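Below is one structure; the comments refer to it alone.
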Amino acid sequence: MKFYDCAPAPSPRRVRIFIAEKGMEIPTVEVDLRAHEQHGDAFATINPHRTVPVLELDDGRRITNTAGICAYLESFQARPALLGETPLEKARIAEMEWRMETQGMMAVGEALRNRARGFRGRALTGAAGFEQIPELAERGLRRIDLYFEELDSILADRPFVAGERFSIADITALVSVDFAGWVKKRLPEQAVHARRWYESVNARPSARL
Ligand SMILES: N[C@@H](CCC(=O)N[C@@H](CS)C(=O)NCC(=O)O)C(=O)O
C-alpha cells in the first residue's frame with residue numbers, strides 16, 4: 001500500500017494517527033498542498049477530488065477520503081478496534097465520528113478557508129474554485145465555540161468521546177481541537193472535561209504525528 005499524505009494538513013493527520021494506533025507502517029508519498037500540487041495533472045489523476053489523504057492499494061486501486069481509508073484499514077487489521085466491536089459500539093462510534101467531523105473539522109474549515117488569504121478563490125477543496133464568503137468565516141468561529149461546548153458536555157460522563165474506549169472519534173476530535181488553533185481558538189478554561197480528555201489523548205505517542 002501507499003499513503004498520500006501532507007505533513008501539516010489535518011485530514012491526513014487523522015489517518016496517520018489511525019495507522020499508528022493500529023501499529024501499522026505504510027510507505028508515504030508527501031503531497032505539497034502549499035505549492036498546489038493537488039491541482040497538478042499528476043495528482044488530479046490520482047484523486048480527482050484533489051485532496052489528501054489517499055490510500056493506494058497494491059493493485060493500484062485507490063481510496064480517496066479519511067472515512068473510506070479507515071474503514072478499509074480496520075477490515076484489513078481488526079485490532080485494536082477503532083471503529084468498534086459490538087453492533088451498538090460501532091453505531092455509537094459512527095454517530096460520534098460524524099459529529100466530530102461535521103461540527104469540529106468542518107466548522108474550523110469554514111472559519112479558516114473563508115478568511116485566510118492563502119485560500120482566496122479556494123474556499124472549498126476541489127477544482128470548482130469557490131470564492132470566500134466572510135459571513136461563513138464568522139459563522140465558523142461561532143460554530144467552533146459551540147463545538148467546544150458540545151465536546152465538553154459529551155466528555156462529562158465518559159473518558160472517551162464515544163464511551164469507555166479510545167476510538168476514531170477521539171482521533172477526529174483531537175485533530176479538530178488542534179486545527180482550531182489555526183484560527184486562534186483554544187479549548188476554554190471552563191471546559192474542564194474536554195481539557196482532561198485532551199490531556200490524556202494528546203499524551204498518546206500517536207498524537208505526535
Ligand atoms: N473529508 C475529506 C477532506 C479532505 C481534505 O479536505 N483534505 C485537505 C487537507 S486537510 C486537502 O486535501 N486540501 C486540498 C486543498 O485545500 O486544495 C477527508 O477526510 O478525506
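The way I read the labels, and the way they are meant: chains A, B, ... in the order of the C-alpha cells, residue 1 as the first residue of every chain, and ligand 1 as the first ligand shown, with later ones counted on from there.
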
Within 7 Å of ligand 1 (only C-alpha atoms and all ligand atoms), residues as a PyMOL selection string: chain A and resi 9-12+33+36+38+50-53+64-67+122+125-126

Quick one: everything within 12 Å of A:Arg120, counting only C-alpha atoms, minus sequence neighbours fewer than 5 positions away in the same chain. Send it as a ChimeraX atom specification. /A:112-115,125,129-134

Include C-alpha atoms and write out the residues we just selected as an mmCIF file, in the first residue's frame.
data_model
loop_
_atom_site.group_PDB
_atom_site.id
_atom_site.type_symbol
_atom_site.label_atom_id
_atom_site.label_comp_id
_atom_site.auth_asym_id
_atom_site.auth_seq_id
_atom_site.Cartn_x
_atom_site.Cartn_y
_atom_site.Cartn_z
ATOM 1 C CA LEU A 112 -10.263 29.189 8.011
ATOM 2 C CA ARG A 113 -10.994 28.810 4.322
ATOM 3 C CA ASN A 114 -13.394 31.743 4.181
ATOM 4 C CA ARG A 115 -10.927 34.280 5.522
ATOM 5 C CA THR A 125 -11.475 21.936 -1.818
ATOM 6 C CA GLY A 129 -12.675 27.478 -7.269
ATOM 7 C CA PHE A 130 -15.241 28.884 -4.826
ATOM 8 C CA GLU A 131 -14.758 32.457 -3.563
ATOM 9 C CA GLN A 132 -14.621 33.212 0.148
ATOM 10 C CA ILE A 133 -17.758 34.372 1.991
ATOM 11 C CA PRO A 134 -16.718 36.413 5.068
#

Show which residues sit within 8 Å of A:Thr28, as an MDAnalysis selection string. Count only C-alpha atoms, and ignore same-chain residues fewer than 6 positions away. chainID A and resid 2:5

So that I can check the surroundings of A:Arg79, please list as a PyMOL selection string every protein, DNA and RNA residue that reaches within 10 Å of it, counting only C-alpha atoms and ignoring chain neighbours fewer than 6 positions away. chain A and resi 21-23+85

Would you kindly return, as JSON, numbers by chain, each protein, DNA or RNA residue with an atom no farther than 9 Å from any atom of stretch 166-175 of chain A, considering only C-alpha atoms and excluding same-chain residues fewer than 6 positions away? {"A": [10, 11, 13, 14, 15, 17, 18, 70, 81, 82, 83, 84, 93, 94, 95, 96, 97, 98, 99, 100, 101, 104, 105, 151, 159, 160, 198, 201, 202, 207]}

What does the file look like for those residues with N, CA and C atoms, as a compact mmCIF listing (two decimals), in the first residue's frame?
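Below is the file that was written, selection26.txt:
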# COMPACT_ATOMS: atom_id res chain seq x y z
N PRO A 10 -4.53 18.70 8.41
CA PRO A 10 -5.24 17.96 9.45
C PRO A 10 -5.91 16.65 8.99
N SER A 11 -6.47 16.62 7.78
CA SER A 11 -7.20 15.39 7.40
C SER A 11 -6.27 14.17 7.30
N ARG A 13 -3.60 13.82 8.83
CA ARG A 13 -3.11 13.53 10.19
C ARG A 13 -4.04 12.53 10.89
N ARG A 14 -5.34 12.64 10.63
CA ARG A 14 -6.28 11.67 11.24
C ARG A 14 -5.88 10.25 10.85
N VAL A 15 -5.53 10.09 9.57
CA VAL A 15 -5.16 8.74 9.10
C VAL A 15 -3.79 8.33 9.66
N ILE A 17 -2.56 9.10 12.52
CA ILE A 17 -2.77 8.65 13.91
C ILE A 17 -3.44 7.27 13.91
N PHE A 18 -4.43 7.09 13.04
CA PHE A 18 -5.14 5.80 12.94
C PHE A 18 -4.15 4.67 12.63
N CYS A 70 -10.00 4.59 6.63
CA CYS A 70 -10.03 4.00 7.98
C CYS A 70 -10.90 2.74 8.00
N ALA A 81 -9.59 -2.34 17.78
CA ALA A 81 -10.78 -1.91 17.05
C ALA A 81 -11.01 -0.42 17.30
N LEU A 82 -10.82 0.37 16.28
CA LEU A 82 -11.01 1.83 16.43
C LEU A 82 -12.38 2.27 15.92
N LEU A 83 -13.09 1.34 15.24
CA LEU A 83 -14.44 1.65 14.75
C LEU A 83 -15.48 0.86 15.55
N GLY A 84 -15.05 0.17 16.61
CA GLY A 84 -15.98 -0.55 17.47
C GLY A 84 -16.01 -2.04 17.20
N ILE A 93 -19.87 4.82 17.87
CA ILE A 93 -18.65 5.44 17.35
C ILE A 93 -18.94 6.15 16.03
N ALA A 94 -19.73 5.52 15.16
CA ALA A 94 -20.08 6.16 13.88
C ALA A 94 -20.85 7.45 14.12
N GLU A 95 -21.74 7.40 15.09
CA GLU A 95 -22.55 8.57 15.45
C GLU A 95 -21.64 9.72 15.91
N MET A 96 -20.73 9.41 16.81
CA MET A 96 -19.86 10.46 17.36
C MET A 96 -18.84 10.92 16.32
N GLU A 97 -18.34 10.00 15.52
CA GLU A 97 -17.37 10.37 14.49
C GLU A 97 -18.00 11.38 13.52
N TRP A 98 -19.25 11.15 13.17
CA TRP A 98 -19.94 12.08 12.27
C TRP A 98 -20.04 13.45 12.92
N ARG A 99 -20.37 13.49 14.20
CA ARG A 99 -20.46 14.80 14.88
C ARG A 99 -19.10 15.49 14.94
N MET A 100 -18.05 14.73 15.25
CA MET A 100 -16.71 15.34 15.36
C MET A 100 -16.29 15.90 14.00
N GLU A 101 -16.65 15.19 12.94
CA GLU A 101 -16.25 15.67 11.61
C GLU A 101 -17.08 16.90 11.19
N GLY A 104 -16.85 19.70 14.25
CA GLY A 104 -15.49 20.10 14.59
C GLY A 104 -14.69 20.45 13.34
N MET A 105 -14.25 19.44 12.61
CA MET A 105 -13.39 19.67 11.43
C MET A 105 -14.01 20.66 10.45
N LEU A 151 -18.38 19.23 22.99
CA LEU A 151 -17.35 18.26 23.36
C LEU A 151 -17.25 18.15 24.88
N PRO A 159 -14.81 8.68 29.66
CA PRO A 159 -13.40 9.02 29.43
C PRO A 159 -13.08 9.37 27.97
N PHE A 160 -13.82 8.76 27.04
CA PHE A 160 -13.53 9.00 25.62
C PHE A 160 -14.80 9.45 24.90
N TYR A 198 -8.43 15.98 26.56
CA TYR A 198 -7.39 16.41 25.62
C TYR A 198 -6.01 16.02 26.16
N VAL A 201 -5.53 12.16 25.62
CA VAL A 201 -5.32 11.68 24.24
C VAL A 201 -4.07 12.31 23.60
N ASN A 202 -3.79 13.54 24.01
CA ASN A 202 -2.61 14.21 23.45
C ASN A 202 -1.31 13.61 23.99
N ALA A 207 -0.28 10.89 18.90
CA ALA A 207 -0.66 12.30 18.77
C ALA A 207 0.50 13.17 18.31

May I have the residues within 6 Å of A:Met1 as a VMD selection string, using only C-alpha atoms and disregarding those fewer than 4 positions away in the same chain? chain A and resid 56 to 58

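The space separating atom CA of A:Asp152 from atom CA of A:Val177 comes to 11.8 Å.
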
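Picture a line from atom CA of A:Asp145 to atom CA of A:Gln103; it runs 10.1 Å.
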
One number please: atom CA of A:His39 to atom CA of A:Ala127, in Å, one decimal. 7.4 Å

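Here the question is which of A:Arg142, A:Arg165, A:Arg204, A:Arg61 gets nearest to A:Arg92 using only C-alpha atoms, and that residue is A:Arg165.
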
Where does DSSP see helix (DSSP H, G or I) in stretch 6-203 of chain A, if you list the residues as an MDAnalysis selection string? chainID A and resid 10:22 37:39 41:46 66:76 87:113 117:119 134:157 168:183 192:202

Test item: residues at most 9 Å from A:Leu141, only C-alpha atoms, excluding those fewer than 5 positions along its chain, as a ChimeraX atom specification: /A:107-108,110-112,136,146,180,183,185

Please produce a file of the residues just selected, as a short mmCIF file (atom, residue, chain, number, x, y, z; two decimals), in the first residue's frame, where the atoms kept are N, CA and C atoms.
data_model
loop_
_atom_site.label_atom_id
_atom_site.label_comp_id
_atom_site.auth_asym_id
_atom_site.auth_seq_id
_atom_site.Cartn_x
_atom_site.Cartn_y
_atom_site.Cartn_z
N ALA A 107 -16.39 22.93 10.90
CA ALA A 107 -16.54 24.29 11.43
C ALA A 107 -15.22 25.04 11.31
N VAL A 108 -14.12 24.38 11.65
CA VAL A 108 -12.81 25.05 11.55
C VAL A 108 -12.49 25.33 10.08
N GLU A 110 -14.54 25.89 7.71
CA GLU A 110 -15.39 27.01 7.28
C GLU A 110 -14.77 28.34 7.72
N ALA A 111 -14.31 28.40 8.98
CA ALA A 111 -13.72 29.64 9.51
C ALA A 111 -12.42 29.97 8.78
N LEU A 112 -11.59 28.96 8.60
CA LEU A 112 -10.26 29.19 8.01
C LEU A 112 -10.34 29.52 6.52
N LEU A 136 -19.41 33.40 6.32
CA LEU A 136 -19.21 31.98 6.66
C LEU A 136 -18.03 31.81 7.61
N LEU A 146 -19.41 26.55 19.84
CA LEU A 146 -20.47 25.58 20.15
C LEU A 146 -19.91 24.16 20.18
N ALA A 180 -8.37 23.91 15.27
CA ALA A 180 -8.99 25.17 15.71
C ALA A 180 -7.92 26.20 16.08
N VAL A 183 -7.15 29.00 13.69
CA VAL A 183 -7.94 30.25 13.69
C VAL A 183 -7.99 30.82 15.12
N LYS A 185 -8.43 29.54 18.07
CA LYS A 185 -9.45 29.10 19.03
C LYS A 185 -8.87 27.96 19.86
#

Hey, what does DSSP flag as strand (DSSP E or B) within stretch 21-163 of chain A? Can you give it to me as a count of residues only? 10

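Using only C-alpha atoms for every distance, the candidate list A:Cys6, A:Ala137, A:Leu209, A:Ala162 yields A:Cys6 as the residue closest to A:Glu37.
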
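Among the candidates A:Asp59, A:Ala116, A:Arg208, A:Met24, the residue lying nearest to A:Pro80 is A:Met24 (atoms considered: only C-alpha atoms).
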
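Closest to A:Glu189 among A:Phe148, A:Leu73, A:Leu88, A:Val161 is A:Phe148, based on only C-alpha atoms.
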